[in-house]
Amino acid sequence: MAALPLRCLVLLALTVIAPVACAAHAQGIDDLGRTGRAEQAACRHRLAQMLDEARYYDRMKADLPGMEKQAAELRARLEGLSPKYRELTEKLAALDAEHKALSADLPKAEKDCREAWLPSLSGACSRLERMTRRLNEDVNPELARLRTELPPLAQEQQEAENTLSVLQMNLQSRRNYAARATRPADAEIAEQQERCRALELSTGRDSEASRSALEIAASAQEGIVGDGIVLHARLVSPAPGAQYGFVWSLNGRVFGGNGDRVKATIPGEGTNAVRVAAWRWTGGQWIKAAEASRGITGRARVQQTVAITGPLAVTIRNGAGRGDFEARIAPEVSGELYGFTWGAVGDPQGPVTFNNQSNTQGLTVTTPGRYAVQVHAWKLVNGQWVFIGKASHPFTVR
């Protein structure tokens with residue numbers, strides 16, 4: 001597959017190259033406008049935009065029912081897990097209190113039994129026997145069982161809450177998009193297609209070449225932002241002996257030369273759109289033969305983390321105390337949009353979550369004890385919430 005001569009590499013989408021390719025003999029942009037090919041390119045560009053908008057809107061709408069069903073299932077699962085976790089936590093607390101009371105009273109019971117005149121008939125010895133049996137046969141085994149069962153249950157509940165938080169944020173993003181975006185109507189798309197077809201006929205577009213299939217191969221499907229990749233455009237059935245040139249773009253920006261192979265640098269996180277158009281020299285002009293697109297996934301070179309700043313102790317005054325906490329992303333990148341979900345543990349009723357997506361969270365507490373405030377952080381990349389990390393900040397209420 002022949003590429004254009006190096007001396008005459010110009011953007012094929014904007015310039016016509018003469019058969020004896022030389023920059024001095026290339027047609028000017030004003031000639032291109034007069035022949036109508038500029039209108040044709042603009043028409044095709046608008047059509048591609050309309051098709052992309054329609055596909056994206058349809059995908060956003062199509063995702064909603066499944067995501068809503070998954071969110072409902074997670075909420076139902078949490079509704080089943082929370083009472084069970086609370087019940088087991090309360091039972092553990094009661095048994096722990098009983099264990100401490102029996103253990104504290106056991107030395108006195110043993111002393112009373114030793115000092116009895118007739119141990120076999122002594123009420124003190126019978127009481128000691130009942131206490132020992134209760135500790136060894138009931139309390140201790142049940143405490144061991146609960147301490148084994150509670151951590152996996154707490155982890156399962158936390159994982160469900162984390163998944164639900166991410167799902168709800170992405171679900172809200174789709175709802176917001178569907179509410180504010182307008183999908184191009186199918187009739188409008190069909191009308192634009194007819195308009196472009198009429199322009200192509202008027203400029204003598206090669207309809208046979210337009211049916212050529214084009215593929216993009218990449219040296220890597222994903223990589224770190226800033227890493228280099230090699231892209232290769234391949235026509236499935238090129239016309240024998242035909243001369244082709246290629247125009248490449250990455251996220252809408254033209255780059256590289258006019259050959260079928262180019263090198264590119266991954267520009268950003270998330271999905272980066274690579275497009276290529278193949279142009280064929282026929283009939284004394286360059287005609288678009290085919291086009292293709294694909295995505296390249298970019299990952300951050302520097303891993304971001306989240307941390308919480310706030311008081312290590314909160315003092316109760318007039319029946320209540322308050323602590324204000326702030327989540328900070330490091331390193332924070334200018335222009336990035338972040339979202340947060342907050343929670344707290346340590347309350348006798350179990351873990352709690354807050355409906356708050358800002359980077360600050362205030363807590364009002366009324367019971368002394370040891371608590372921890374928790375946060376999960378995300379950033380918005382190409383319309384999707386990407387998880388950054390989580391953090392926990394313990395504090396004492398006194």
# chains A, B, ... in the order shown; residues from 1 in each chain; ligands from 1
$ residues_around --residues "Gly252 of chain A" --least-positions-apart "4" --cutoff "12 Å" --atoms "only C-alpha atoms" --output "PyMOL selection string"
chain A and resi 45+48-49+247-248+267+272-276+293
$ select_by_dssp --residues "segment 59-284 of chain A" --states "helix (DSSP H, G or I)" --output "ChimeraX atom specification"
/A:59-114,119-121,123-180,186-202,207-210
$ closest_residue --among "A:Glu269, A:Glu215, A:Glu156, A:Asp347" --to "Gly80 of chain A" --atoms "only C-alpha atoms"
A:Glu156
$ residues_around --residues "segment 330-338 of chain A" --least-positions-apart "6" --cutoff "6 Å" --atoms "only C-alpha atoms" --output "PyMOL selection string"
chain A and resi 304-305+378-380
$ write_last_selection --atoms "N, CA and C atoms" --output "PDB file, in the first residue's frame"
ATOM      1  N   GLN A 304      -3.257   8.757  42.035  1.00  0.00           N
ATOM      2  CA  GLN A 304      -3.794   9.716  42.994  1.00  0.00           C
ATOM      3  C   GLN A 304      -4.289   8.981  44.246  1.00  0.00           C
ATOM      4  N   THR A 305      -4.224   9.662  45.378  1.00  0.00           N
ATOM      5  CA  THR A 305      -4.695   9.114  46.642  1.00  0.00           C
ATOM      6  C   THR A 305      -5.620  10.116  47.309  1.00  0.00           C
ATOM      7  N   TRP A 378     -13.878   9.716  43.762  1.00  0.00           N
ATOM      8  CA  TRP A 378     -13.922   9.405  42.333  1.00  0.00           C
ATOM      9  C   TRP A 378     -13.568  10.656  41.535  1.00  0.00           C
ATOM     10  N   LYS A 379     -13.273  10.463  40.265  1.00  0.00           N
ATOM     11  CA  LYS A 379     -13.135  11.591  39.342  1.00  0.00           C
ATOM     12  C   LYS A 379     -13.891  11.254  38.059  1.00  0.00           C
ATOM     13  N   LEU A 380     -14.406  12.302  37.416  1.00  0.00           N
ATOM     14  CA  LEU A 380     -15.207  12.125  36.211  1.00  0.00           C
ATOM     15  C   LEU A 380     -14.290  12.131  34.994  1.00  0.00           C
TER      16      LEU A 380
END
$ residues_around --residues "Leu95 of chain A" --least-positions-apart "2" --cutoff "12 Å" --atoms "only C-alpha atoms" --output "ChimeraX atom specification"
/A:88-93,97-103,134-135,138-147
$ closest_residue --among "A:His376, A:Arg317, A:Arg253, A:Arg301" --to "Ser165 of chain A" --atoms "only C-alpha atoms"
A:His376
$ residues_around --residues "Ile229 of chain A" --least-positions-apart "5" --cutoff "10 Å" --atoms "only C-alpha atoms" --output "ChimeraX atom specification"
/A:218-223,262-266,296
$ closest_atom_pairs --of "segment 252-322 of chain A" --to "segment 354-370 of chain A" --cutoff "12 Å" --atoms "only C-alpha atoms" --output "JSON lines"
{"residue": "A:Val306", "atom": "CA", "partner": "A:Asn359", "partner_atom": "CA", "distance": 10.3}
{"residue": "A:Ala307", "atom": "CA", "partner": "A:Asn359", "partner_atom": "CA", "distance": 10.5}
{"residue": "A:Ile308", "atom": "CA", "partner": "A:Thr360", "partner_atom": "CA", "distance": 9.2}
{"residue": "A:Thr309", "atom": "CA", "partner": "A:Thr360", "partner_atom": "CA", "distance": 9.5}
{"residue": "A:Gly310", "atom": "CA", "partner": "A:Gln361", "partner_atom": "CA", "distance": 9.7}
{"residue": "A:Pro311", "atom": "CA", "partner": "A:Leu363", "partner_atom": "CA", "distance": 11.0}
{"residue": "A:Leu312", "atom": "CA", "partner": "A:Arg370", "partner_atom": "CA", "distance": 10.1}
{"residue": "A:Ala313", "atom": "CA", "partner": "A:Arg370", "partner_atom": "CA", "distance": 9.2}
{"residue": "A:Val314", "atom": "CA", "partner": "A:Val365", "partner_atom": "CA", "distance": 8.4}
{"residue": "A:Thr315", "atom": "CA", "partner": "A:Pro368", "partner_atom": "CA", "distance": 8.6}
{"residue": "A:Ile316", "atom": "CA", "partner": "A:Thr366", "partner_atom": "CA", "distance": 6.7}
{"residue": "A:Arg317", "atom": "CA", "partner": "A:Thr366", "partner_atom": "CA", "distance": 9.1}
{"residue": "A:Asn318", "atom": "CA", "partner": "A:Thr366", "partner_atom": "CA", "distance": 9.5}
{"residue": "A:Gly319", "atom": "CA", "partner": "A:Thr366", "partner_atom": "CA", "distance": 6.1}
{"residue": "A:Ala320", "atom": "CA", "partner": "A:Thr366", "partner_atom": "CA", "distance": 4.6}
{"residue": "A:Gly321", "atom": "CA", "partner": "A:Val365", "partner_atom": "CA", "distance": 5.3}
{"residue": "A:Arg322", "atom": "CA", "partner": "A:Thr364", "partner_atom": "CA", "distance": 4.5}
$ write_last_selection --atoms "N, CA and C atoms" --output "CSV table (one decimal), in the first residue's frame"
chain,number,residue,atom,x,y,z
A,306,VAL,N,-6.4,9.6,48.3
A,306,VAL,CA,-7.3,10.5,49.0
A,306,VAL,C,-6.9,10.4,50.5
A,307,ALA,N,-7.0,11.5,51.2
A,307,ALA,CA,-6.7,11.5,52.7
A,307,ALA,C,-7.8,12.4,53.3
A,308,ILE,N,-8.0,12.2,54.6
A,308,ILE,CA,-9.0,13.0,55.4
A,308,ILE,C,-8.2,13.8,56.4
A,309,THR,N,-8.5,15.1,56.5
A,309,THR,CA,-8.0,16.0,57.6
A,309,THR,C,-9.2,16.4,58.5
A,310,GLY,N,-8.9,16.4,59.8
A,310,GLY,CA,-10.0,16.8,60.7
A,310,GLY,C,-9.5,16.5,62.1
A,311,PRO,N,-10.3,16.8,63.1
A,311,PRO,CA,-9.9,16.6,64.5
A,311,PRO,C,-9.7,15.2,64.9
A,312,LEU,N,-8.8,15.0,65.8
A,312,LEU,CA,-8.5,13.6,66.4
A,312,LEU,C,-9.4,13.4,67.6
A,313,ALA,N,-10.0,14.5,68.2
A,313,ALA,CA,-10.9,14.3,69.3
A,313,ALA,C,-11.9,15.4,69.3
A,314,VAL,N,-13.1,15.0,69.7
A,314,VAL,CA,-14.3,15.9,69.7
A,314,VAL,C,-14.8,15.9,71.2
A,315,THR,N,-15.0,17.1,71.7
A,315,THR,CA,-15.5,17.2,73.1
A,315,THR,C,-17.0,17.5,73.1
A,316,ILE,N,-17.8,16.8,73.9
A,316,ILE,CA,-19.2,17.0,74.0
A,316,ILE,C,-19.4,18.2,75.0
A,317,ARG,N,-20.1,19.2,74.5
A,317,ARG,CA,-20.5,20.3,75.3
A,317,ARG,C,-22.0,20.6,75.1
A,318,ASN,N,-22.7,20.8,76.2
A,318,ASN,CA,-24.2,21.0,76.1
A,318,ASN,C,-24.9,19.9,75.4
A,319,GLY,N,-24.4,18.6,75.7
A,319,GLY,CA,-25.1,17.5,75.1
A,319,GLY,C,-24.6,17.0,73.8
A,320,ALA,N,-23.8,17.7,73.1
A,320,ALA,CA,-23.4,17.3,71.7
A,320,ALA,C,-22.0,17.9,71.4
A,321,GLY,N,-21.3,17.3,70.4
A,321,GLY,CA,-20.1,17.8,69.9
A,321,GLY,C,-20.1,17.7,68.4
A,322,ARG,N,-19.2,18.5,67.8
A,322,ARG,CA,-19.2,18.5,66.3
A,322,ARG,C,-17.8,18.5,65.8
$ residues_around --residues "Phe246 of chain A" --least-positions-apart "3" --cutoff "7 Å" --atoms "only C-alpha atoms" --output "ChimeraX atom specification"
/A:258-260,276-279
$ residues_around --residues "Gln193 of chain A" --least-positions-apart "6" --cutoff "12 Å" --atoms "only C-alpha atoms" --output "list in words"
Gln40, Cys43, Arg44, His45, Arg46, Leu47, Ala48, Gln49, Met50, Leu51, Asp186, Ala187, Leu199 and Glu200 of chain A
$ write_last_selection --atoms "N, CA and C atoms" --output "compact mmCIF listing (two decimals), in the first residue's frame"
# COMPACT_ATOMS: atom_id res chain seq x y z
N GLN A 40 -18.81 18.90 0.91
CA GLN A 40 -18.97 17.45 1.11
C GLN A 40 -18.33 16.99 2.41
N CYS A 43 -20.37 18.17 5.29
CA CYS A 43 -21.60 17.37 5.39
C CYS A 43 -21.32 16.04 6.08
N ARG A 44 -20.25 15.38 5.66
CA ARG A 44 -19.90 14.09 6.26
C ARG A 44 -19.52 14.25 7.74
N HIS A 45 -18.84 15.34 8.04
CA HIS A 45 -18.47 15.59 9.43
C HIS A 45 -19.72 15.75 10.30
N ARG A 46 -20.67 16.53 9.81
CA ARG A 46 -21.91 16.72 10.56
C ARG A 46 -22.68 15.42 10.70
N LEU A 47 -22.70 14.61 9.63
CA LEU A 47 -23.38 13.32 9.69
C LEU A 47 -22.73 12.41 10.73
N ALA A 48 -21.40 12.39 10.76
CA ALA A 48 -20.70 11.56 11.75
C ALA A 48 -21.03 12.04 13.16
N GLN A 49 -21.10 13.36 13.35
CA GLN A 49 -21.47 13.89 14.66
C GLN A 49 -22.86 13.43 15.06
N MET A 50 -23.82 13.53 14.14
CA MET A 50 -25.20 13.14 14.43
C MET A 50 -25.29 11.66 14.78
N LEU A 51 -24.56 10.83 14.02
CA LEU A 51 -24.58 9.38 14.31
C LEU A 51 -23.96 9.09 15.67
N ASP A 186 -34.15 10.16 13.78
CA ASP A 186 -33.76 9.29 12.67
C ASP A 186 -34.06 9.96 11.33
N ALA A 187 -35.15 10.73 11.28
CA ALA A 187 -35.49 11.42 10.04
C ALA A 187 -34.43 12.48 9.70
N LEU A 199 -24.26 15.50 -2.57
CA LEU A 199 -23.01 16.23 -2.76
C LEU A 199 -21.93 15.33 -3.36
N GLU A 200 -21.88 14.08 -2.92
CA GLU A 200 -20.88 13.15 -3.44
C GLU A 200 -21.10 12.88 -4.92
$ closest_residue --among "A:Met169, A:Gln155, A:Thr297, A:Gly283" --to "Thr341 of chain A" --atoms "only C-alpha atoms"
A:Met169
$ atom_distance --atom1 "atom CA of Pro240 of chain A" --atom2 "atom CA of Gly257 of chain A"
22.8 Å
$ select_by_dssp --residues "segment 92-284 of chain A" --states "strand (DSSP E)" --output "PyMOL selection string"
chain A and resi 214-218+222-224+228-235+244-250+253-255+261-265+270-282
$ atom_distance --atom1 "atom CA of Phe255 of chain A" --atom2 "atom CA of Ala289 of chain A"
19.3 Å
$ closest_residue --among "A:Gly226, A:Val386, A:Leu214, A:Gly343" --to "Arg294 of chain A" --atoms "only C-alpha atoms"
A:Leu214
$ closest_residue --among "A:Ala292, A:Cys113, A:Ala344, A:Ala41" --to "Ile216 of chain A" --atoms "only C-alpha atoms"
A:Ala292
$ decode --residues "segment 78-95 of chain A" --atoms "N, CA, C and O atoms" --output "CSV table (one decimal), in the first residue's frame"
chain,number,residue,atom,x,y,z
A,78,LEU,N,-28.6,-4.8,51.0
A,78,LEU,CA,-28.2,-4.0,52.1
A,78,LEU,C,-29.3,-4.0,53.2
A,78,LEU,O,-29.0,-4.1,54.4
A,79,GLU,N,-30.6,-3.9,52.8
A,79,GLU,CA,-31.7,-4.0,53.7
A,79,GLU,C,-31.7,-5.3,54.5
A,79,GLU,O,-32.2,-5.3,55.6
A,80,GLY,N,-31.3,-6.4,53.8
A,80,GLY,CA,-31.2,-7.6,54.5
A,80,GLY,C,-30.0,-7.8,55.4
A,80,GLY,O,-30.0,-8.4,56.5
A,81,LEU,N,-28.8,-7.2,54.9
A,81,LEU,CA,-27.6,-7.3,55.7
A,81,LEU,C,-27.5,-6.5,56.9
A,81,LEU,O,-27.1,-6.9,58.0
A,82,SER,N,-28.1,-5.2,56.8
A,82,SER,CA,-27.9,-4.3,57.9
A,82,SER,C,-28.6,-4.8,59.2
A,82,SER,O,-28.0,-4.7,60.3
A,83,PRO,N,-29.9,-5.2,59.2
A,83,PRO,CA,-30.5,-5.7,60.4
A,83,PRO,C,-29.8,-6.9,61.0
A,83,PRO,O,-29.6,-7.0,62.2
A,84,LYS,N,-29.3,-7.8,60.1
A,84,LYS,CA,-28.6,-9.0,60.6
A,84,LYS,C,-27.3,-8.6,61.3
A,84,LYS,O,-26.9,-9.1,62.4
A,85,TYR,N,-26.5,-7.6,60.7
A,85,TYR,CA,-25.3,-7.1,61.3
A,85,TYR,C,-25.6,-6.4,62.6
A,85,TYR,O,-24.9,-6.6,63.6
A,86,ARG,N,-26.7,-5.6,62.6
A,86,ARG,CA,-27.0,-4.9,63.9
A,86,ARG,C,-27.4,-5.9,65.0
A,86,ARG,O,-27.0,-5.8,66.1
A,87,GLU,N,-28.2,-7.0,64.6
A,87,GLU,CA,-28.6,-8.0,65.6
A,87,GLU,C,-27.4,-8.7,66.1
A,87,GLU,O,-27.3,-8.9,67.4
A,88,LEU,N,-26.5,-9.1,65.3
A,88,LEU,CA,-25.3,-9.8,65.7
A,88,LEU,C,-24.4,-8.9,66.6
A,88,LEU,O,-23.8,-9.4,67.6
A,89,THR,N,-24.3,-7.7,66.2
A,89,THR,CA,-23.4,-6.7,67.0
A,89,THR,C,-24.0,-6.5,68.4
A,89,THR,O,-23.3,-6.5,69.4
A,90,GLU,N,-25.3,-6.4,68.4
A,90,GLU,CA,-26.0,-6.2,69.8
A,90,GLU,C,-25.8,-7.5,70.6
A,90,GLU,O,-25.6,-7.4,71.8
A,91,LYS,N,-26.0,-8.6,70.0
A,91,LYS,CA,-25.8,-9.9,70.7
A,91,LYS,C,-24.4,-10.0,71.2
A,91,LYS,O,-24.2,-10.5,72.3
A,92,LEU,N,-23.4,-9.6,70.3
A,92,LEU,CA,-22.0,-9.7,70.7
A,92,LEU,C,-21.8,-8.8,71.9
A,92,LEU,O,-21.1,-9.2,72.9
A,93,ALA,N,-22.3,-7.6,71.9
A,93,ALA,CA,-22.1,-6.6,73.0
A,93,ALA,C,-22.7,-7.2,74.3
A,93,ALA,O,-22.1,-7.0,75.4
A,94,ALA,N,-23.9,-7.8,74.2
A,94,ALA,CA,-24.6,-8.3,75.4
A,94,ALA,C,-23.8,-9.5,76.0
A,94,ALA,O,-23.6,-9.6,77.2
A,95,LEU,N,-23.3,-10.4,75.1
A,95,LEU,CA,-22.5,-11.5,75.6
A,95,LEU,C,-21.2,-11.1,76.1
A,95,LEU,O,-20.7,-11.6,77.1
